[in-house]
Amino acid sequence: MQSLLNKKIVLGISGGIAAYKSAELARLLMQEGASVQVVMTQAAQQFVTPVTMQALTGNLVFTSQWDSSISNNMAHIELSRSADVILIAPASADLMAKLSLGLADDLLTTLCLARDCPLLLAPAMNKQMWEHSATQRSVERLIQDDVTLLGPASGAQACGEIGMGRMLEPIEITELIIAFFQKKSLAGKRVLITAGPTFEEIDPVRGITNRSSGKMGFAIARAAIEAGAQVHLVAGPCNLATPLEVSGKITRTNVISAKEMHAATMSSGACDVFFAVAAVADWGVAKPAKDKIKRQGKQVPKLEFIANPDILLDMAKTVKAKAGKPYPYCVGFAAESTDLAKHAAEKRKRKGIPMIIGNIGPDTFGSDLNQLLVIDESGSKKITKSEKLQLARQLIELVAKKL
Ligand code: C5P
């Protein structure tokens with residue numbers, strides 16, 4: 001799936017050591033289907049050559065407003081008019097200062113001033129330069145002028161110092177650009193999501209878990225952020241990176257057991273939508289052993305189970321009506337080995353929730369692909385097999401319409 005298909009991106013590169021990452025950034029944007037037109041400042045060319053960028057993008061690189069290859073000598077107008085977005089990465093302190101003042105003394109700054117499309121900057125500079133009041137004034141002015149800043153991040157810098165001012169990684173910038181283009185159907189909404197498996201302890205080294213990978217829940221978290229929501233993710237033990245972490249629109253609580261997941265979910269505060277995607281263990285071990293249970297010949301240990309709290313059921317009990325609609329809007333998930341439609345529909349009624357999503361098996365666990373059956377008060381419909389992120393985006397659209 002390509003998320004930037006038919007998007008035209010002007011990639012501006014200004015002078016900073018992070019410019020070496022712009023080559024990778026151009027590749028990633030193109031892999032997502034975007035066409036990339038590079039514009040470089042004089043200083044940028046000290047770090048990476050136009051030849052590199054031209055070879056990667058397949059497009060002529062522009063470096064001067066006096067370039068005669070554009071017939072009417074209006075590169076600054078032509079480039080910005082045909083773009084869906086101008087992304088400058090890295091954006092140096094000097095470039096940000098110029099842009100904040102409306103200066104236009106080279107091609108990149110001129111086309112930014114002449115633009116009629118959004119402008120996004122990925123700042124990159126030494127931490128002292130970032131923290132300097134002059135740079136912070138530029139940041140304030142740029143934000144007032146509707147410019148979007150992507151980062152910077154904190155961390156090790158090329159100069160050997162550690163602090164704020166590192167450019168975001170190319171993959172992070174790419175994901176933020178993808179998010180930028182998604183429909184903001186959940187703008188201002190709070191979304192709570194449980195994801196992944198749980199782990200029920202038998203003794204300090206053993207436990208019972210299930211085959212959930214967490215991928216679907218994490219994809220829903222990403223799609224919700226893309227749609228403009230603030231997300232809280234309660235994740236069982238799974239090895240997945242927090243989606244769109246650099247957006248600042250997600251918080252995450254890691255839990256192990258169903259009991260912990262229940263406590264973290266119930267105490268996470270008000271939300272507009274709750275997605276119960278986690279595969280929560282129905283039973284926990286009544287008395288987990290304090291020490292590792294020793295093997296004793298052919299004897300097998302007897303385990304006694306107790307029922308775990310039902311997180312979705314308990315959340316559904318908190319639902320109140322707001323403007324005639326259920327609040328929060330609770331969405332359950334169902335994985336079944338037989339009669340999915342029947343069992344899922346029963347589950348929706350039993351839990352008292354407006355929508356349940358059936359995972360149409362058998363390869364849902366751990367796979368990047370899935371196929372869903374959406375059941376709500378109006379009946380059921382299938383969402384055909386595709387990548388979990390694409391399914392998540394469709395689900396977010398469906399749910400947004402219910403709010
Ligand atoms: O109760 P059952 O497992 O059949 O239903 C599945 C749905 O309920 C999923 O949305 C799952 O996240 C949620 N669930 C829960 N707490 C449990 C068991 C299931 O939130 N203890």
# chains A, B, ... in the order shown; residues from 1 in each chain; ligands from 1
call {"tool": "residues_around", "arguments": {"residues": "range 230-237 of chain A", "least_positions_apart": "2", "cutoff": "6 Å", "atoms": "only C-alpha atoms", "output": "number ranges by chain"}}
result
A: 190-198, 249-256
call {"tool": "residues_around", "arguments": {"residues": "Lys184 in chain A", "least_positions_apart": "5", "cutoff": "9 Å", "atoms": "only C-alpha atoms", "output": "list in words"}}
result
Ile225, Glu226, Ala227, Gly228 and Ala229 of chain A
call {"tool": "write_last_selection", "arguments": {"atoms": "all heavy atoms", "output": "CSV table (one decimal), in the first residue's frame"}}
result
chain,number,residue,atom,x,y,z
A,225,ILE,N,-4.5,8.6,15.2
A,225,ILE,CA,-3.6,9.9,15.3
A,225,ILE,C,-3.6,10.6,13.9
A,225,ILE,O,-3.7,11.8,13.8
A,225,ILE,CB,-2.1,9.5,15.6
A,225,ILE,CG1,-2.1,8.8,17.0
A,225,ILE,CG2,-1.3,10.8,15.7
A,225,ILE,CD1,-0.8,8.1,17.3
A,226,GLU,N,-3.5,9.8,12.8
A,226,GLU,CA,-3.5,10.4,11.5
A,226,GLU,C,-4.8,11.2,11.3
A,226,GLU,O,-4.9,12.2,10.6
A,226,GLU,CB,-3.5,9.3,10.4
A,226,GLU,CG,-2.1,8.6,10.3
A,226,GLU,CD,-2.1,7.5,9.3
A,226,GLU,OE1,-3.1,7.0,8.8
A,226,GLU,OE2,-1.0,7.1,8.9
A,227,ALA,N,-5.9,10.7,11.9
A,227,ALA,CA,-7.2,11.3,11.8
A,227,ALA,C,-7.4,12.5,12.7
A,227,ALA,O,-8.4,13.1,12.8
A,227,ALA,CB,-8.3,10.3,12.0
A,228,GLY,N,-6.3,12.8,13.5
A,228,GLY,CA,-6.3,14.0,14.4
A,228,GLY,C,-6.6,13.7,15.8
A,228,GLY,O,-6.7,14.7,16.6
A,229,ALA,N,-6.8,12.5,16.2
A,229,ALA,CA,-7.1,12.2,17.6
A,229,ALA,C,-5.9,12.2,18.5
A,229,ALA,O,-4.8,12.0,18.1
A,229,ALA,CB,-7.8,10.8,17.7
call {"tool": "residues_around", "arguments": {"residues": "Leu121 in chain A", "least_positions_apart": "2", "cutoff": "12 Å", "atoms": "only C-alpha atoms", "output": "PyMOL selection string"}}
result
chain A and resi 10-14+85-93+95-96+99-100+112+118-119+123-124+139+142-143+146-152+167-168+173+176-177
call {"tool": "atom_distance", "arguments": {"atom1": "CA of Pro170 in chain A", "atom2": "CA of Gln157 in chain A"}}
result
15.8 Å
call {"tool": "select_by_dssp", "arguments": {"residues": "range 263-393 of chain A", "states": "alpha helix (DSSP H)", "output": "JSON list (two decimals) with C-alpha atoms, in the first residue's frame"}}
result
[["chain", "number", "residue", "atom", "x", "y", "z"],
["A", 263, "ALA", "CA", -6.74, -1.30, 35.85],
["A", 264, "ALA", "CA", -4.80, 0.77, 33.29],
["A", 265, "THR", "CA", -7.80, 1.04, 30.98],
["A", 266, "MET", "CA", -10.38, 1.88, 33.63],
["A", 311, "ILE", "CA", -12.47, -4.82, 30.33],
["A", 312, "LEU", "CA", -14.85, -4.15, 27.45],
["A", 313, "LEU", "CA", -17.90, -5.11, 29.51],
["A", 314, "ASP", "CA", -16.82, -2.83, 32.34],
["A", 315, "MET", "CA", -16.10, 0.05, 29.95],
["A", 316, "ALA", "CA", -19.49, -0.49, 28.28],
["A", 317, "LYS", "CA", -21.13, -0.12, 31.72],
["A", 340, "LEU", "CA", -17.82, -15.83, 13.32],
["A", 341, "ALA", "CA", -20.86, -13.79, 12.27],
["A", 342, "LYS", "CA", -23.18, -15.51, 14.76],
["A", 343, "HIS", "CA", -20.79, -15.43, 17.73],
["A", 344, "ALA", "CA", -19.69, -11.85, 17.06],
["A", 345, "ALA", "CA", -23.29, -10.62, 16.84],
["A", 346, "GLU", "CA", -24.12, -12.38, 20.13],
["A", 347, "LYS", "CA", -21.03, -10.86, 21.74],
["A", 348, "ARG", "CA", -22.08, -7.36, 20.64],
["A", 349, "LYS", "CA", -25.45, -7.81, 22.37],
["A", 350, "ARG", "CA", -24.02, -9.47, 25.49],
["A", 351, "LYS", "CA", -21.47, -6.72, 26.02],
["A", 388, "LYS", "CA", -4.01, -3.74, 8.72],
["A", 389, "LEU", "CA", -3.19, -0.02, 8.47],
["A", 390, "GLN", "CA", -5.54, 0.36, 5.52],
["A", 391, "LEU", "CA", -8.29, -1.54, 7.38],
["A", 392, "ALA", "CA", -7.66, 0.62, 10.44],
["A", 393, "ARG", "CA", -8.12, 3.80, 8.38]]
call {"tool": "closest_residue", "arguments": {"among": "A:Asn239, A:Ser80, A:Ser247, A:Gln136", "to": "Ala153 in chain A", "atoms": "only C-alpha atoms"}}
result
A:Ser247
call {"tool": "atom_distance", "arguments": {"atom1": "CA of Arg137 in chain A", "atom2": "CA of Glu245 in chain A"}}
result
25.8 Å
call {"tool": "residues_near_ligand", "arguments": {"ligand": "ligand 1", "cutoff": "7 Å", "atoms": "only C-alpha atoms and all ligand atoms", "output": "MDAnalysis selection string"}}
result
chainID A and resid 194 258 276:282 308:313 331:334 347
call {"tool": "select_by_dssp", "arguments": {"residues": "range 152-196 of chain A", "states": "strand (DSSP E)", "output": "VMD selection string"}}
result
chain A and resid 153 to 156 162 to 166 190 to 195
call {"tool": "write_last_selection", "arguments": {"atoms": "all heavy atoms", "output": "compact mmCIF listing (two decimals), in the first residue's frame"}}
result
# COMPACT_ATOMS: atom_id res chain seq x y z
N ALA A 153 14.05 16.49 17.46
CA ALA A 153 14.13 15.52 18.53
C ALA A 153 15.33 15.85 19.41
O ALA A 153 16.16 16.69 19.06
CB ALA A 153 14.29 14.13 17.94
N SER A 154 15.37 15.17 20.53
CA SER A 154 16.50 15.33 21.42
C SER A 154 17.42 14.12 21.25
O SER A 154 16.94 13.03 20.95
CB SER A 154 15.97 15.41 22.85
OG SER A 154 17.03 15.61 23.72
N GLY A 155 18.71 14.30 21.43
CA GLY A 155 19.61 13.15 21.32
C GLY A 155 21.02 13.57 20.99
O GLY A 155 21.36 14.75 21.08
N ALA A 156 21.83 12.59 20.57
CA ALA A 156 23.23 12.87 20.24
C ALA A 156 23.29 13.71 18.97
O ALA A 156 22.56 13.46 18.02
CB ALA A 156 23.97 11.56 20.05
N ILE A 162 24.77 16.63 23.37
CA ILE A 162 23.51 15.89 23.44
C ILE A 162 22.42 16.87 23.81
O ILE A 162 22.58 17.65 24.75
CB ILE A 162 23.59 14.77 24.51
CG1 ILE A 162 24.62 13.72 24.07
CG2 ILE A 162 22.22 14.10 24.73
CD1 ILE A 162 24.87 12.62 25.07
N GLY A 163 21.33 16.87 23.07
CA GLY A 163 20.24 17.78 23.41
C GLY A 163 19.27 17.94 22.27
O GLY A 163 19.30 17.22 21.27
N MET A 164 18.40 18.93 22.42
CA MET A 164 17.33 19.20 21.47
C MET A 164 17.90 19.81 20.19
O MET A 164 18.75 20.70 20.26
CB MET A 164 16.39 20.20 22.16
CG MET A 164 15.00 20.20 21.65
SD MET A 164 14.23 18.61 21.96
CE MET A 164 12.62 19.00 21.37
N GLY A 165 17.41 19.37 19.05
CA GLY A 165 17.86 19.98 17.81
C GLY A 165 18.16 18.96 16.71
O GLY A 165 18.36 19.33 15.56
N ARG A 166 18.16 17.68 17.08
CA ARG A 166 18.38 16.63 16.06
C ARG A 166 17.21 16.59 15.09
O ARG A 166 16.05 16.68 15.52
CB ARG A 166 18.38 15.27 16.75
CG ARG A 166 19.71 14.69 17.10
CD ARG A 166 19.46 13.38 17.83
NE ARG A 166 19.04 12.34 16.87
CZ ARG A 166 19.88 11.51 16.28
NH1 ARG A 166 21.16 11.57 16.54
NH2 ARG A 166 19.44 10.59 15.44
N ARG A 190 -10.61 12.03 21.77
CA ARG A 190 -9.69 11.18 22.54
C ARG A 190 -10.05 9.72 22.30
O ARG A 190 -11.23 9.34 22.42
CB ARG A 190 -9.79 11.51 24.03
CG ARG A 190 -8.99 12.76 24.40
CD ARG A 190 -9.45 13.31 25.69
NE ARG A 190 -10.89 13.56 25.63
CZ ARG A 190 -11.64 13.97 26.62
NH1 ARG A 190 -11.10 14.16 27.79
NH2 ARG A 190 -12.93 14.17 26.48
N VAL A 191 -9.05 8.93 21.99
CA VAL A 191 -9.28 7.53 21.66
C VAL A 191 -8.45 6.65 22.58
O VAL A 191 -7.25 6.87 22.76
CB VAL A 191 -8.91 7.26 20.17
CG1 VAL A 191 -9.00 5.79 19.86
CG2 VAL A 191 -9.83 8.06 19.25
N LEU A 192 -9.11 5.68 23.17
CA LEU A 192 -8.45 4.72 24.06
C LEU A 192 -8.43 3.36 23.37
O LEU A 192 -9.45 2.93 22.81
CB LEU A 192 -9.23 4.67 25.38
CG LEU A 192 -8.81 3.66 26.43
CD1 LEU A 192 -7.39 3.91 26.92
CD2 LEU A 192 -9.77 3.72 27.63
N ILE A 193 -7.29 2.69 23.40
CA ILE A 193 -7.16 1.42 22.68
C ILE A 193 -6.43 0.40 23.56
O ILE A 193 -5.39 0.71 24.14
CB ILE A 193 -6.33 1.61 21.38
CG1 ILE A 193 -7.00 2.64 20.46
CG2 ILE A 193 -6.14 0.28 20.63
CD1 ILE A 193 -6.11 3.15 19.34
N THR A 194 -6.99 -0.82 23.66
CA THR A 194 -6.20 -1.92 24.23
C THR A 194 -5.68 -2.74 23.06
O THR A 194 -6.38 -2.92 22.06
CB THR A 194 -7.03 -2.83 25.16
OG1 THR A 194 -8.06 -3.47 24.40
CG2 THR A 194 -7.64 -2.06 26.32
N ALA A 195 -4.44 -3.23 23.19
CA ALA A 195 -3.86 -3.98 22.07
C ALA A 195 -2.94 -5.07 22.56
O ALA A 195 -2.41 -4.99 23.68
CB ALA A 195 -3.08 -3.02 21.17
call {"tool": "closest_residue", "arguments": {"among": "A:Asp67, A:Asp272, A:Asp376, A:Glu140", "to": "Pro326 in chain A", "atoms": "only C-alpha atoms"}}
result
A:Asp272
call {"tool": "closest_residue", "arguments": {"among": "A:Ser257, A:Thr110, A:Gln54, A:Ser386", "to": "Glu78 in chain A", "atoms": "only C-alpha atoms"}}
result
A:Thr110
call {"tool": "atom_distance", "arguments": {"atom1": "CA of Glu24 in chain A", "atom2": "CA of Leu113 in chain A"}}
result
26.6 Å
call {"tool": "residues_around", "arguments": {"residues": "Ile293 in chain A", "least_positions_apart": "5", "cutoff": "12 Å", "atoms": "only C-alpha atoms", "output": "VMD selection string"}}
result
chain A and resid 201 to 207 288 299 to 303
call {"tool": "write_last_selection", "arguments": {"atoms": "N, CA, C and O atoms", "output": "compact mmCIF listing (two decimals), in the first residue's frame"}}
result
# COMPACT_ATOMS: atom_id res chain seq x y z
N GLU A 201 0.65 -15.16 34.69
CA GLU A 201 1.78 -15.83 35.33
C GLU A 201 1.40 -17.16 35.98
O GLU A 201 0.39 -17.23 36.69
N ILE A 202 2.21 -18.21 35.74
CA ILE A 202 2.05 -19.48 36.45
C ILE A 202 3.05 -19.52 37.61
O ILE A 202 2.71 -19.84 38.74
N ASP A 203 4.28 -19.17 37.29
CA ASP A 203 5.34 -19.01 38.29
C ASP A 203 6.28 -17.95 37.74
O ASP A 203 6.01 -17.38 36.67
N PRO A 204 7.40 -17.63 38.40
CA PRO A 204 8.21 -16.49 37.92
C PRO A 204 8.78 -16.67 36.51
O PRO A 204 9.23 -15.69 35.90
N VAL A 205 8.80 -17.89 35.98
CA VAL A 205 9.37 -18.06 34.63
C VAL A 205 8.36 -18.56 33.60
O VAL A 205 8.65 -18.57 32.41
N ARG A 206 7.19 -18.99 34.02
CA ARG A 206 6.23 -19.53 33.06
C ARG A 206 4.93 -18.74 33.08
O ARG A 206 4.61 -18.09 34.07
N GLY A 207 4.21 -18.86 31.97
CA GLY A 207 2.93 -18.18 31.94
C GLY A 207 2.08 -18.62 30.76
O GLY A 207 2.51 -19.43 29.94
N PRO A 288 -0.51 -17.90 41.42
CA PRO A 288 0.79 -18.13 40.78
C PRO A 288 1.85 -18.48 41.84
O PRO A 288 1.83 -17.90 42.93
N GLN A 299 4.96 -36.48 37.44
CA GLN A 299 3.84 -35.74 38.04
C GLN A 299 3.62 -34.42 37.31
O GLN A 299 4.59 -33.76 36.92
N VAL A 300 2.36 -34.04 37.06
CA VAL A 300 2.11 -32.74 36.43
C VAL A 300 1.39 -31.82 37.43
O VAL A 300 0.57 -32.27 38.21
N PRO A 301 1.72 -30.53 37.40
CA PRO A 301 1.07 -29.63 38.36
C PRO A 301 -0.39 -29.40 37.98
O PRO A 301 -0.74 -29.45 36.80
N LYS A 302 -1.20 -29.15 39.01
CA LYS A 302 -2.61 -28.82 38.74
C LYS A 302 -2.75 -27.31 38.85
O LYS A 302 -2.33 -26.71 39.83
N LEU A 303 -3.34 -26.70 37.82
CA LEU A 303 -3.52 -25.25 37.85
C LEU A 303 -4.99 -24.93 38.09
O LEU A 303 -5.86 -25.51 37.44
call {"tool": "residues_around", "arguments": {"residues": "Thr174 in chain A", "least_positions_apart": "6", "cutoff": "10 Å", "atoms": "only C-alpha atoms", "output": "PyMOL selection string"}}
result
chain A and resi 3-4+25-30+32+168+180
